[in-house]
file input-v3.cif (mmCIF, C-alpha atoms)
data_coords
loop_
_atom_site.label_atom_id
_atom_site.label_comp_id
_atom_site.auth_asym_id
_atom_site.auth_seq_id
_atom_site.Cartn_x
_atom_site.Cartn_y
_atom_site.Cartn_z
CA MET A 1 -32.42 19.01 -4.90
CA GLN A 2 -33.38 15.40 -5.50
CA SER A 3 -32.02 15.53 -9.04
CA VAL A 4 -28.69 16.87 -7.76
CA ARG A 5 -28.45 14.03 -5.26
CA THR A 6 -29.19 11.51 -7.99
CA GLU A 7 -26.49 12.97 -10.24
CA LEU A 8 -24.03 12.85 -7.36
CA ARG A 9 -24.75 9.21 -6.57
CA GLU A 10 -24.33 8.30 -10.22
CA GLY A 11 -21.02 10.15 -10.54
CA ARG A 12 -22.25 12.63 -13.15
CA VAL A 13 -21.04 15.70 -11.24
CA ASP A 14 -17.50 17.06 -11.56
CA LEU A 15 -16.23 17.84 -8.06
CA ARG A 16 -12.69 18.89 -9.01
CA ARG A 17 -13.20 22.58 -9.74
CA VAL A 18 -14.07 24.07 -6.34
CA GLY A 19 -11.68 24.51 -3.45
CA SER A 20 -8.11 23.29 -3.06
CA VAL A 21 -5.59 21.84 -0.63
CA VAL A 22 -2.50 24.00 -0.05
CA ALA A 23 0.59 23.81 2.11
CA THR A 24 0.96 26.40 4.87
CA ASP A 25 4.02 28.05 6.35
CA GLN A 26 3.07 26.69 9.77
CA ALA A 27 3.69 23.42 11.54
CA PHE A 28 0.17 23.27 12.99
CA PRO A 29 -1.36 22.56 10.57
CA PRO A 30 1.09 21.98 7.69
CA TRP A 31 -1.80 21.71 5.19
CA THR A 32 -5.16 23.41 4.93
CA VAL A 33 -8.28 23.41 2.74
CA LEU A 34 -9.45 26.52 0.88
CA ASP A 35 -12.98 27.22 -0.31
CA SER A 36 -14.00 28.69 -3.67
CA SER A 37 -12.84 32.15 -2.52
CA ASP A 38 -9.40 30.82 -1.49
CA VAL A 39 -10.27 31.32 2.17
CA PRO A 40 -9.24 28.61 4.68
CA ILE A 41 -12.19 26.66 6.08
CA GLY A 42 -12.10 27.31 9.82
CA ALA A 43 -13.62 23.99 10.89
CA VAL A 44 -11.08 22.06 8.81
CA VAL A 45 -8.17 24.18 10.02
CA ASP A 46 -9.08 23.49 13.65
CA TYR A 47 -9.32 19.76 13.00
CA LEU A 48 -6.06 19.52 11.05
CA ARG A 49 -4.29 21.56 13.71
CA SER A 50 -5.43 19.10 16.37
CA LEU A 51 -4.33 16.25 14.12
CA ALA A 52 -0.85 17.72 13.70
CA LEU A 53 -0.54 18.42 17.43
CA GLY A 54 -1.25 14.73 18.00
CA SER A 55 2.05 13.80 16.27
CA SER A 56 0.46 12.98 12.93
CA SER A 57 2.90 13.34 10.06
CA PRO A 58 2.50 16.09 7.43
CA SER A 59 1.66 13.43 4.84
CA THR A 60 -1.20 12.22 7.05
CA CYS A 61 -2.53 15.77 7.40
CA ARG A 62 -2.32 16.18 3.63
CA SER A 63 -4.22 12.94 3.03
CA TYR A 64 -6.93 13.93 5.51
CA ALA A 65 -7.16 17.38 3.93
CA TYR A 66 -7.96 15.91 0.52
CA ASP A 67 -10.63 13.64 2.01
CA LEU A 68 -12.25 16.62 3.72
CA LEU A 69 -12.03 18.72 0.56
CA ARG A 70 -13.96 16.03 -1.32
CA TRP A 71 -16.55 15.97 1.47
CA PHE A 72 -16.98 19.75 1.44
CA ARG A 73 -17.34 19.73 -2.35
CA VAL A 74 -20.31 17.40 -1.94
CA LEU A 75 -21.81 19.69 0.70
CA TRP A 76 -21.28 22.78 -1.48
CA GLN A 77 -22.93 21.00 -4.41
CA LEU A 78 -25.96 20.24 -2.23
CA GLY A 79 -26.01 23.61 -0.49
CA ILE A 80 -25.70 22.02 2.98
CA ALA A 81 -23.68 23.55 5.81
CA TRP A 82 -21.09 21.20 7.31
CA ASP A 83 -22.72 21.31 10.75
CA ARG A 84 -26.11 20.35 9.26
CA ALA A 85 -24.92 17.24 7.42
CA THR A 86 -26.78 13.95 7.79
CA VAL A 87 -26.30 10.38 6.64
CA SER A 88 -28.09 11.32 3.41
CA GLU A 89 -25.14 13.50 2.35
CA VAL A 90 -22.70 10.73 3.26
CA GLU A 91 -24.66 8.40 0.99
CA CYS A 92 -24.23 10.91 -1.85
CA LEU A 93 -20.48 10.95 -1.27
CA VAL A 94 -20.22 7.14 -1.23
CA GLY A 95 -22.38 6.87 -4.35
CA TRP A 96 -20.23 9.42 -6.16
CA MET A 97 -16.98 7.67 -5.21
CA ARG A 98 -18.35 4.31 -6.34
CA THR A 99 -19.36 5.56 -9.78
CA ALA A 100 -17.12 8.53 -10.67
CA ALA A 101 -13.77 8.23 -12.43
CA ASN A 102 -10.68 8.75 -10.31
CA PRO A 103 -8.52 11.50 -11.88
CA GLN A 104 -5.43 9.79 -10.48
CA ARG A 105 -6.10 6.85 -12.81
CA GLU A 106 -6.01 8.94 -15.99
CA ARG A 107 -3.25 7.81 -18.37
CA ARG A 108 -1.44 10.56 -20.25
CA SER A 109 0.83 8.26 -22.24
CA ALA A 110 -0.68 6.41 -25.18
CA ASP A 111 1.25 3.23 -24.42
CA SER A 112 0.13 3.09 -20.77
CA PRO A 113 -2.02 0.07 -19.91
CA PRO A 114 -5.72 0.84 -19.45
CA PRO A 115 -6.96 1.05 -15.85
CA GLY A 116 -8.02 -2.31 -14.45
CA SER A 117 -6.08 -4.35 -17.02
CA VAL A 118 -3.97 -7.37 -16.03
CA ASN A 119 -0.28 -7.56 -16.86
CA LEU A 120 0.34 -10.78 -18.76
CA ARG A 121 3.83 -11.30 -17.34
CA THR A 122 3.27 -10.59 -13.65
CA GLY A 123 -0.44 -11.44 -13.35
CA LYS A 124 -0.94 -8.20 -11.40
CA GLN A 125 -3.96 -6.05 -12.09
CA THR A 126 -3.47 -2.33 -12.52
CA LEU A 127 -5.58 0.04 -10.48
CA GLY A 128 -9.14 0.38 -11.70
CA PRO A 129 -10.64 3.57 -13.17
CA GLY A 130 -12.63 4.43 -10.05
CA TYR A 131 -12.03 4.78 -6.32
CA ALA A 132 -10.97 1.63 -4.48
CA ALA A 133 -13.00 0.26 -1.59
CA ARG A 134 -10.16 1.08 0.81
CA THR A 135 -10.19 4.69 -0.38
CA ILE A 136 -13.91 5.01 0.29
CA ASN A 137 -13.56 3.48 3.75
CA HIS A 138 -10.64 5.81 4.51
CA ALA A 139 -12.74 8.81 3.50
CA LEU A 140 -15.55 7.69 5.82
CA THR A 141 -13.07 7.27 8.67
CA VAL A 142 -11.70 10.78 8.15
CA ILE A 143 -15.14 12.37 8.01
CA SER A 144 -16.27 10.48 11.10
CA SER A 145 -13.15 11.60 12.98
CA PHE A 146 -13.77 15.20 11.84
CA TYR A 147 -17.26 15.21 13.34
CA GLU A 148 -16.14 13.43 16.51
CA PHE A 149 -13.57 16.17 17.04
CA HIS A 150 -16.13 18.94 16.69
CA ALA A 151 -18.70 17.07 18.78
CA GLY A 152 -16.15 17.03 21.59
CA ASN A 153 -15.97 20.83 21.32
CA GLY A 154 -19.74 21.22 21.31
CA ALA A 155 -20.06 21.95 17.60
CA GLY A 156 -21.46 20.13 14.58
CA PRO A 157 -24.57 17.95 14.32
CA VAL A 158 -25.89 16.07 17.32
CA VAL A 159 -25.40 12.71 15.59
CA ASN A 160 -22.32 11.83 13.59
CA PRO A 161 -23.48 11.59 9.96
CA VAL A 162 -21.19 8.63 9.29
CA PRO A 163 -22.86 5.40 10.49
CA ALA A 164 -20.84 3.36 12.98
CA SER A 165 -20.90 -0.31 13.92
CA LYS A 166 -21.54 -0.64 17.65
CA ASP A 167 -20.70 -4.35 17.55
CA ARG A 168 -17.32 -3.65 15.96
CA ARG A 169 -16.40 -1.01 18.51
CA ALA A 170 -17.38 -3.29 21.37
CA GLU A 171 -15.43 -6.25 19.99
CA LEU A 172 -12.27 -4.31 19.16
CA SER A 173 -12.03 -2.30 22.36
CA HIS A 174 -9.21 -3.21 24.76
CA ARG A 175 -7.85 -5.94 22.51
CA SER A 176 -4.23 -6.99 22.24
CA PRO A 177 -2.77 -6.68 18.72
CA MET A 178 -1.34 -10.19 19.16
CA GLU A 179 -4.78 -11.77 19.42
CA ALA A 180 -6.52 -13.23 16.39
CA PRO A 181 -8.84 -10.75 14.66
CA ILE A 182 -12.57 -11.01 15.24
CA HIS A 183 -14.88 -10.84 12.25
CA VAL A 184 -17.80 -8.50 12.84
CA ARG A 185 -20.37 -6.97 10.55
CA ARG A 186 -19.40 -3.89 8.61
CA ALA A 187 -21.01 -0.58 9.47
CA ARG A 188 -23.53 0.82 7.04
CA LEU A 189 -21.96 2.33 3.89
CA ARG A 190 -18.61 0.67 4.59
CA GLN A 191 -17.27 -1.17 1.57
CA ARG A 192 -16.26 -4.81 1.40
CA VAL A 193 -12.50 -4.96 0.97
CA PRO A 194 -11.23 -8.06 -0.84
CA LYS A 195 -8.26 -9.87 0.62
CA ARG A 196 -5.08 -9.36 -1.36
CA LEU A 197 -2.30 -11.91 -1.58
CA PRO A 198 1.30 -10.76 -1.14
CA ARG A 199 2.71 -9.43 -4.41
CA SER A 200 6.14 -11.04 -4.23
CA LEU A 201 8.48 -11.39 -7.20
CA PRO A 202 9.34 -14.94 -8.32
CA ASP A 203 13.08 -15.58 -8.32
CA LEU A 204 13.46 -15.54 -12.10
CA MET A 205 11.58 -12.25 -12.46
CA TRP A 206 13.59 -10.75 -9.63
CA ASP A 207 16.79 -11.66 -11.45
CA GLU A 208 15.68 -9.95 -14.66
CA LEU A 209 14.50 -6.86 -12.77
CA PHE A 210 17.85 -6.61 -11.02
CA GLU A 211 19.70 -6.95 -14.32
CA ALA A 212 17.65 -4.06 -15.72
CA MET A 213 19.18 -1.65 -13.22
CA ARG A 214 21.62 0.74 -14.89
CA ASN A 215 24.05 1.63 -12.09
CA ASP A 216 25.37 0.56 -8.70
CA ARG A 217 23.12 3.01 -6.85
CA ASP A 218 19.97 1.37 -8.21
CA ARG A 219 21.42 -2.11 -7.66
CA ALA A 220 22.27 -1.21 -4.07
CA LEU A 221 18.79 0.17 -3.46
CA LEU A 222 17.02 -2.89 -4.86
CA SER A 223 19.30 -5.21 -2.87
CA CYS A 224 18.57 -3.26 0.32
CA TYR A 225 14.83 -3.29 -0.35
CA VAL A 226 14.58 -7.02 -1.01
CA SER A 227 16.87 -8.07 1.85
CA SER A 228 15.77 -5.65 4.58
CA GLY A 229 12.05 -5.38 3.85
CA ALA A 230 12.24 -1.65 4.53
CA ARG A 231 9.53 0.58 3.13
CA ALA A 232 10.39 2.85 0.21
CA GLU A 233 10.36 6.15 2.13
CA GLU A 234 12.16 4.62 5.12
CA LEU A 235 15.15 3.52 3.08
CA LEU A 236 15.34 6.72 1.04
CA GLY A 237 15.51 8.77 4.24
CA ILE A 238 18.70 7.27 5.71
CA GLU A 239 22.04 9.06 6.07
CA ILE A 240 25.61 7.77 6.07
CA GLY A 241 25.50 7.54 9.87
CA ASP A 242 22.59 5.09 9.63
CA VAL A 243 24.73 2.44 7.93
CA ASP A 244 26.30 -0.12 10.28
CA TRP A 245 28.98 -1.69 8.08
CA ALA A 246 30.32 -4.03 10.76
CA GLY A 247 26.91 -5.25 11.88
CA GLN A 248 25.50 -5.43 8.32
CA GLN A 249 22.51 -3.35 9.40
CA ILE A 250 20.79 -0.15 8.33
CA TYR A 251 18.92 2.11 10.74
CA VAL A 252 15.58 3.43 9.49
CA VAL A 253 12.81 5.49 11.07
CA SER A 254 9.72 3.26 11.14
CA LYS A 255 6.63 4.58 9.43
CA GLY A 256 4.19 4.11 12.31
CA THR A 257 6.16 4.46 15.53
CA LYS A 258 8.73 6.99 14.21
CA THR A 259 11.34 4.96 16.09
CA ARG A 260 14.87 4.57 14.75
CA GLU A 261 15.29 0.82 14.39
CA PRO A 262 17.90 -1.45 12.76
CA VAL A 263 17.02 -3.66 9.81
CA PRO A 264 19.34 -6.28 8.30
CA ALA A 265 20.73 -6.13 4.78
CA SER A 266 22.47 -8.74 2.67
CA PRO A 267 26.22 -8.79 1.95
CA ASP A 268 25.41 -8.13 -1.72
CA ALA A 269 23.55 -4.97 -0.72
CA PHE A 270 26.56 -3.66 1.19
CA ARG A 271 28.89 -4.57 -1.67
CA TYR A 272 26.82 -2.59 -4.17
CA LEU A 273 26.46 0.23 -1.66
CA ALA A 274 30.25 0.44 -1.32
CA ALA A 275 30.59 0.50 -5.11
CA TYR A 276 28.02 3.31 -5.33
CA LEU A 277 29.77 5.41 -2.69
CA SER A 278 33.18 4.89 -4.30
CA GLN A 279 31.79 6.41 -7.51
CA ALA A 280 29.49 9.13 -6.16
CA GLY A 281 31.49 9.99 -3.05
CA VAL A 282 30.60 9.70 0.61
CA PRO A 283 27.94 12.25 1.65
CA LYS A 284 28.58 14.62 4.52
CA ALA A 285 27.03 14.15 7.93
CA GLY A 286 23.39 15.17 7.84
CA GLU A 287 23.04 14.61 4.10
CA LYS A 288 20.90 11.85 2.59
CA LEU A 289 22.74 8.72 1.55
CA TRP A 290 20.91 8.26 -1.74
CA ARG A 291 21.39 11.10 -4.20
CA ALA A 292 20.55 11.93 -7.78
CA LEU A 293 23.29 11.02 -10.24
CA ARG A 294 22.54 13.83 -12.71
CA GLY A 295 22.11 17.56 -12.36
CA ASP A 296 22.65 19.48 -9.15
CA PRO A 297 23.51 17.46 -6.02
CA ARG A 298 20.21 16.64 -4.34
CA PRO A 299 18.58 13.78 -2.41
CA LEU A 300 16.92 10.98 -4.34
CA THR A 301 13.16 11.39 -3.97
CA TYR A 302 10.46 8.74 -3.94
CA SER A 303 9.18 9.94 -7.31
CA ALA A 304 12.66 9.62 -8.84
CA MET A 305 13.13 6.10 -7.49
CA ARG A 306 9.68 5.12 -8.72
CA ARG A 307 10.68 6.44 -12.14
CA VAL A 308 13.71 4.12 -12.07
CA LEU A 309 11.39 1.18 -11.57
CA GLN A 310 9.00 2.44 -14.24
CA ARG A 311 11.79 2.45 -16.83
CA ALA A 312 12.67 -1.12 -15.92
CA ASN A 313 9.00 -2.12 -16.14
CA ALA A 314 8.72 -0.57 -19.60
CA LYS A 315 11.72 -2.58 -20.74
CA LEU A 316 10.54 -5.86 -19.21
CA GLN A 317 6.80 -5.31 -19.86
CA THR A 318 6.01 -5.75 -16.17
CA ASN A 319 4.25 -3.61 -13.55
CA TRP A 320 6.21 -4.15 -10.33
CA THR A 321 6.17 -1.49 -7.61
CA LEU A 322 8.59 -0.57 -4.84
CA HIS A 323 6.26 -2.01 -2.23
CA ASP A 324 6.35 -5.36 -4.04
CA LEU A 325 9.99 -5.60 -2.96
CA ARG A 326 8.92 -5.45 0.68
CA HIS A 327 6.39 -8.22 0.00
CA THR A 328 9.15 -10.24 -1.65
CA ALA A 329 11.42 -9.89 1.37
CA ALA A 330 8.67 -10.98 3.77
CA THR A 331 7.65 -13.93 1.58
CA ARG A 332 11.21 -15.21 1.32
CA MET A 333 11.81 -14.95 5.07
CA ALA A 334 8.44 -16.40 6.12
CA ASN A 335 8.91 -19.48 3.90
CA ASP A 336 12.48 -20.15 5.02
CA PRO A 337 12.43 -23.25 7.30
CA LYS A 338 15.24 -21.81 9.43
CA MET A 339 13.31 -18.66 10.37
CA THR A 340 10.37 -18.53 12.74
CA LEU A 341 7.36 -16.31 12.20
CA PRO A 342 8.10 -14.07 15.25
CA GLU A 343 11.60 -13.51 13.85
CA VAL A 344 10.16 -12.42 10.52
CA GLN A 345 7.71 -10.18 12.36
CA ARG A 346 10.62 -8.49 14.11
CA VAL A 347 12.49 -7.89 10.86
CA MET A 348 9.40 -6.57 9.06
CA ARG A 349 8.31 -4.58 12.14
CA HIS A 350 4.69 -5.71 11.92
CA ALA A 351 2.45 -4.77 14.83
CA LYS A 352 0.46 -8.01 14.52
CA LEU A 353 1.68 -11.55 14.00
CA ASP A 354 -1.35 -12.17 11.78
CA THR A 355 0.03 -9.62 9.32
CA THR A 356 3.24 -11.61 9.04
CA GLY A 357 1.29 -14.84 8.71
CA ILE A 358 -0.22 -13.86 5.36
CA TYR A 359 3.20 -14.32 3.76
CA LEU A 360 3.04 -18.05 4.44
CA THR A 361 0.54 -18.35 1.60
CA VAL A 362 1.88 -20.46 -1.26
CA ARG A 363 1.59 -18.80 -4.67
CA LEU A 364 0.92 -20.96 -7.72
CA ASP A 365 3.12 -18.85 -9.98
CA GLU A 366 6.07 -19.63 -7.70
CA MET A 367 5.41 -23.38 -7.97
CA THR A 368 5.73 -23.62 -11.75
CA GLU A 369 8.55 -26.15 -11.76
CA LYS A 370 6.93 -28.32 -9.09
CA LEU A 371 3.58 -28.30 -10.87
CA GLN A 372 5.15 -29.15 -14.23
CA ASP A 373 6.97 -32.06 -12.63
CA PHE A 374 3.69 -33.21 -11.08
CA TYR A 375 1.82 -33.04 -14.39
CA THR A 376 4.49 -34.87 -16.41
CA ARG A 377 5.25 -37.58 -13.85
CA PRO A 378 4.23 -41.04 -15.14
CA ARG A 379 1.20 -42.51 -13.46
CA GLN A 380 2.10 -45.27 -11.06
CA VAL A 381 0.78 -48.73 -12.01
CA PRO A 382 -0.51 -50.76 -9.04
CA LYS A 383 1.51 -53.87 -8.33
CA PHE A 384 0.29 -57.00 -6.57
CA ALA A 385 2.18 -59.63 -4.62
CA PRO A 386 3.79 -62.31 -6.83
CA GLY A 387 1.93 -65.61 -7.23
CA TYR A 388 -1.46 -64.20 -8.18
CA ASP A 389 -2.84 -65.03 -11.57
CA PRO A 390 -3.19 -61.78 -13.59
CA GLU A 391 -6.53 -62.97 -14.98
CA ASP A 392 -7.89 -63.44 -11.47
CA VAL A 393 -6.67 -59.96 -10.43
CA ARG A 394 -8.30 -58.41 -13.50
CA ALA A 395 -11.57 -60.25 -12.78
CA VAL A 396 -11.67 -58.97 -9.18
CA PHE A 397 -10.31 -55.40 -9.56
CA GLY A 398 -11.12 -54.77 -13.21
CA GLY A 399 -8.84 -53.18 -15.77
#
call {"tool": "encode", "arguments": {"input": "input-v3.cif", "output": "structure tokens"}}
result
Amino acid sequence: MQSVRTELREGRVDLRRVGSVVATDQAFPPWTVLDSSDVPIGAVVDYLRSLALGSSSPSTCRSYAYDLLRWFRVLWQLGIAWDRATVSEVECLVGWMRTAANPQRERRSADSPPPGSVNLRTGKQTLGPGYAARTINHALTVISSFYEFHAGNGAGPVVNPVPASKDRRAELSHRSPMEAPIHVRRARLRQRVPKRLPRSLPDLMWDELFEAMRNDRDRALLSCYVSSGARAEELLGIEIGDVDWAGQQIYVVSKGTKTREPVPASPDAFRYLAAYLSQAGVPKAGEKLWRALRGDPRPLTYSAMRRVLQRANAKLQTNWTLHDLRHTAATRMANDPKMTLPEVQRVMRHAKLDTTGIYLTVRLDEMTEKLQDFYTRPRQVPKFAPGYDPEDVRAVFGG
């Protein structure tokens, strides 16, 4: 048993062959986890059903299902029942995630950049070969929530196997999201998450990315993304009735609150949108606004739009993502002297003002011209009042 735990912590065990996550034909839950015999795991089904009944989106249930599948694979490898798990098994999971290769990082194309490499044009680092610190922390949160749910129903171990930080819970309870965050110690096994700067596109690189778009649909989408700050899925989900031509606004369903809210868009975005609709035709009521241009009429999916950006990246030798466009919109607005930070927060629909404040950070790659002017500017020679003998000045001040 000890050797198995050691192999798990060192990432030498393949956990991808047992169990699976499958979609169901039910709304509660929309996803479930199967064991090695393709039988749904009852404890997981109950938890995911409660999660879905609490207004969690199907994508959230799917994400939680994969985290729980990984956890049960560790338990199956160790021969431990889920209701007998302890912190020792959680340590095995964390050790495995810190050392094992992430199958999502595997590159099938020979010309794909290796995981963890830095793009020379954008300065952005590609995702590393393993699991990110945020992914590990998310898995711990899901497992902890799973055991809290069953503890409330009188099942599972007496003590939650995922260690918690009592100080953090006490500090964060009953706090307003507008207040400044309080720094408290991480709970045991929680990973240190490095701060990431906004990944905004410099103006020149934005221009070349926009020029790489092949049609008015893609130009309209990029213009809407960079002027509205809408998230990728939010903008792809709109219909023709969500476009306010007179008010120059687009109505999107926000990711967190699920509220239909207006977001602004630039005149260029509406001009390209009109050109796209004049070519592709106006969709019927209830149909998605953005549609595929080839093949059978169908809505434009996130994967298809991401592929559009991937083709442009291959041409420009860059590695921009759709979410970088949202960062670009926030950075431009936050650094505009005519816009206040609360106004930018409203446009970006951030829950906390501190989240909007990170876009006030000045990036060196966006100050290239200013820095070059600073470096090449002639050094100023000190001047003294007329009437002083230069020899006397040199004797006193040197030089």
call {"tool": "residues_around", "arguments": {"input": "input-v3.cif", "residues": "region 296-311 of chain A", "least_positions_apart": "6", "cutoff": "10 Å", "atoms": "all atoms listed in the file", "output": "JSON, numbers by chain"}}
result
{"A": [209, 212, 213, 214, 218, 221, 222, 232, 233, 235, 236, 237, 287, 288, 289, 290, 317, 318, 319, 320, 321, 322]}
call {"tool": "write_last_selection", "arguments": {"input": "input-v3.cif", "atoms": "C-alpha atoms", "output": "PDB file, in the coordinates of the input"}}
result
ATOM      1  CA  LEU A 209      14.500  -6.860 -12.770  1.00  0.00           C
ATOM      2  CA  ALA A 212      17.650  -4.060 -15.720  1.00  0.00           C
ATOM      3  CA  MET A 213      19.180  -1.650 -13.220  1.00  0.00           C
ATOM      4  CA  ARG A 214      21.620   0.740 -14.890  1.00  0.00           C
ATOM      5  CA  ASP A 218      19.970   1.370  -8.210  1.00  0.00           C
ATOM      6  CA  LEU A 221      18.790   0.170  -3.460  1.00  0.00           C
ATOM      7  CA  LEU A 222      17.020  -2.890  -4.860  1.00  0.00           C
ATOM      8  CA  ALA A 232      10.390   2.850   0.210  1.00  0.00           C
ATOM      9  CA  GLU A 233      10.360   6.150   2.130  1.00  0.00           C
ATOM     10  CA  LEU A 235      15.150   3.520   3.080  1.00  0.00           C
ATOM     11  CA  LEU A 236      15.340   6.720   1.040  1.00  0.00           C
ATOM     12  CA  GLY A 237      15.510   8.770   4.240  1.00  0.00           C
ATOM     13  CA  GLU A 287      23.040  14.610   4.100  1.00  0.00           C
ATOM     14  CA  LYS A 288      20.900  11.850   2.590  1.00  0.00           C
ATOM     15  CA  LEU A 289      22.740   8.720   1.550  1.00  0.00           C
ATOM     16  CA  TRP A 290      20.910   8.260  -1.740  1.00  0.00           C
ATOM     17  CA  GLN A 317       6.800  -5.310 -19.860  1.00  0.00           C
ATOM     18  CA  THR A 318       6.010  -5.750 -16.170  1.00  0.00           C
ATOM     19  CA  ASN A 319       4.250  -3.610 -13.550  1.00  0.00           C
ATOM     20  CA  TRP A 320       6.210  -4.150 -10.330  1.00  0.00           C
ATOM     21  CA  THR A 321       6.170  -1.490  -7.610  1.00  0.00           C
ATOM     22  CA  LEU A 322       8.590  -0.570  -4.840  1.00  0.00           C
TER      23      LEU A 322
END
call {"tool": "residues_around", "arguments": {"input": "input-v3.cif", "residues": "Gly128 (chain A)", "least_positions_apart": "5", "cutoff": "12 Å", "atoms": "only C-alpha atoms", "output": "ChimeraX atom specification"}}
result
/A:98-107,113-118,133
call {"tool": "closest_residue", "arguments": {"input": "input-v3.cif", "among": "A:Ile41, A:Arg5, A:Leu15, A:Ser57", "to": "Arg73 (chain A)", "atoms": "all atoms listed in the file"}}
result
A:Leu15
call {"tool": "resolve_selection", "arguments": {"input": "input-v3.cif", "expression": "the PyMOL selection byres ((chain A and resi 77) around 10)", "output": "PyMOL selection string"}}
result
chain A and resi 1+4-5+8+13-15+18+72-76+78-80
call {"tool": "residues_around", "arguments": {"input": "input-v3.cif", "residues": "Pro267 (chain A)", "least_positions_apart": "4", "cutoff": "12 Å", "atoms": "all atoms listed in the file", "output": "PDB file with C-alpha atoms, in the frame of the given file"}}
result
ATOM      1  CA  ALA A 220      22.270  -1.210  -4.070  1.00  0.00           C
ATOM      2  CA  SER A 223      19.300  -5.210  -2.870  1.00  0.00           C
ATOM      3  CA  CYS A 224      18.570  -3.260   0.320  1.00  0.00           C
ATOM      4  CA  SER A 227      16.870  -8.070   1.850  1.00  0.00           C
ATOM      5  CA  SER A 228      15.770  -5.650   4.580  1.00  0.00           C
ATOM      6  CA  TRP A 245      28.980  -1.690   8.080  1.00  0.00           C
ATOM      7  CA  ALA A 246      30.320  -4.030  10.760  1.00  0.00           C
ATOM      8  CA  GLY A 247      26.910  -5.250  11.880  1.00  0.00           C
ATOM      9  CA  GLN A 248      25.500  -5.430   8.320  1.00  0.00           C
ATOM     10  CA  GLN A 249      22.510  -3.350   9.400  1.00  0.00           C
ATOM     11  CA  ARG A 271      28.890  -4.570  -1.670  1.00  0.00           C
ATOM     12  CA  TYR A 272      26.820  -2.590  -4.170  1.00  0.00           C
ATOM     13  CA  LEU A 273      26.460   0.230  -1.660  1.00  0.00           C
ATOM     14  CA  ALA A 274      30.250   0.440  -1.320  1.00  0.00           C
TER      15      ALA A 274
END
call {"tool": "atom_distance", "arguments": {"input": "input-v3.cif", "atom1": "CA of Leu69 (chain A)", "atom2": "CA of Ile143 (chain A)"}}
result
10.3 Å
call {"tool": "closest_residue", "arguments": {"input": "input-v3.cif", "among": "A:Leu53, A:Leu293, A:Val252, A:Leu325", "to": "Pro30 (chain A)", "atoms": "all atoms listed in the file"}}
result
A:Leu53
call {"tool": "closest_residue", "arguments": {"input": "input-v3.cif", "among": "A:Ser56, A:Ser3, A:Ser36, A:Thr368", "to": "Thr257 (chain A)", "atoms": "only C-alpha atoms"}}
result
A:Ser56
call {"tool": "atom_distance", "arguments": {"input": "input-v3.cif", "atom1": "CA of Arg196 (chain A)", "atom2": "CA of Thr361 (chain A)"}}
result
11.0 Å
call {"tool": "resolve_selection", "arguments": {"input": "input-v3.cif", "expression": "the PyMOL selection byres ((chain A and resi 20) around 12)", "output": "ChimeraX atom specification"}}
result
/A:15-19,21-23,31-41,62,65-70,72-73
call {"tool": "closest_residue", "arguments": {"input": "input-v3.cif", "among": "A:Gly357, A:Val381, A:Glu369, A:Val87", "to": "Glu343 (chain A)", "atoms": "all atoms listed in the file"}}
result
A:Gly357
call {"tool": "atom_distance", "arguments": {"input": "input-v3.cif", "atom1": "CA of Glu234 (chain A)", "atom2": "CA of Leu353 (chain A)"}}
result
21.2 Å
call {"tool": "closest_residue", "arguments": {"input": "input-v3.cif", "among": "A:Ala139, A:Val243, A:Val393, A:Tyr47", "to": "Gly152 (chain A)", "atoms": "all atoms listed in the file"}}
result
A:Tyr47
call {"tool": "closest_residue", "arguments": {"input": "input-v3.cif", "among": "A:Tyr64, A:Tyr388, A:Tyr225, A:Tyr147", "to": "Ala330 (chain A)", "atoms": "all atoms listed in the file"}}
result
A:Tyr225
call {"tool": "axis_aligned_box", "arguments": {"input": "input-v3.cif", "around": "region 115-134 of chain A", "padding_each_side": "4 Å", "output": "AutoDock Vina command-line options"}}
result
--center_x -4.6 --center_y -3.3 --center_z -9.0 --size_x 24.8 --size_y 24.2 --size_z 27.6
call {"tool": "build_atoms", "arguments": {"input": "input-v3.cif", "residues": "region 186-192 of chain A", "atoms": "N, CA and C atoms", "output": "PDB file, keeping the file's coordinate frame"}}
result
ATOM      1  N   ARG A 186     -19.813  -5.225   8.999  1.00  0.00           N
ATOM      2  CA  ARG A 186     -19.400  -3.890   8.610  1.00  0.00           C
ATOM      3  C   ARG A 186     -20.489  -2.876   8.974  1.00  0.00           C
ATOM      4  N   ALA A 187     -20.052  -1.642   9.247  1.00  0.00           N
ATOM      5  CA  ALA A 187     -21.010  -0.580   9.470  1.00  0.00           C
ATOM      6  C   ALA A 187     -21.688  -0.219   8.145  1.00  0.00           C
ATOM      7  N   ARG A 188     -22.804   0.398   8.237  1.00  0.00           N
ATOM      8  CA  ARG A 188     -23.530   0.820   7.040  1.00  0.00           C
ATOM      9  C   ARG A 188     -22.667   1.758   6.202  1.00  0.00           C
ATOM     10  N   LEU A 189     -22.699   1.570   4.903  1.00  0.00           N
ATOM     11  CA  LEU A 189     -21.960   2.330   3.890  1.00  0.00           C
ATOM     12  C   LEU A 189     -20.492   1.935   3.782  1.00  0.00           C
ATOM     13  N   ARG A 190     -19.991   1.139   4.697  1.00  0.00           N
ATOM     14  CA  ARG A 190     -18.610   0.670   4.590  1.00  0.00           C
ATOM     15  C   ARG A 190     -18.520  -0.368   3.475  1.00  0.00           C
ATOM     16  N   GLN A 191     -17.421  -0.319   2.733  1.00  0.00           N
ATOM     17  CA  GLN A 191     -17.270  -1.170   1.570  1.00  0.00           C
ATOM     18  C   GLN A 191     -16.586  -2.488   1.934  1.00  0.00           C
ATOM     19  N   ARG A 192     -16.918  -3.525   1.218  1.00  0.00           N
ATOM     20  CA  ARG A 192     -16.260  -4.810   1.400  1.00  0.00           C
ATOM     21  C   ARG A 192     -14.895  -4.759   0.715  1.00  0.00           C
TER      22      ARG A 192
END
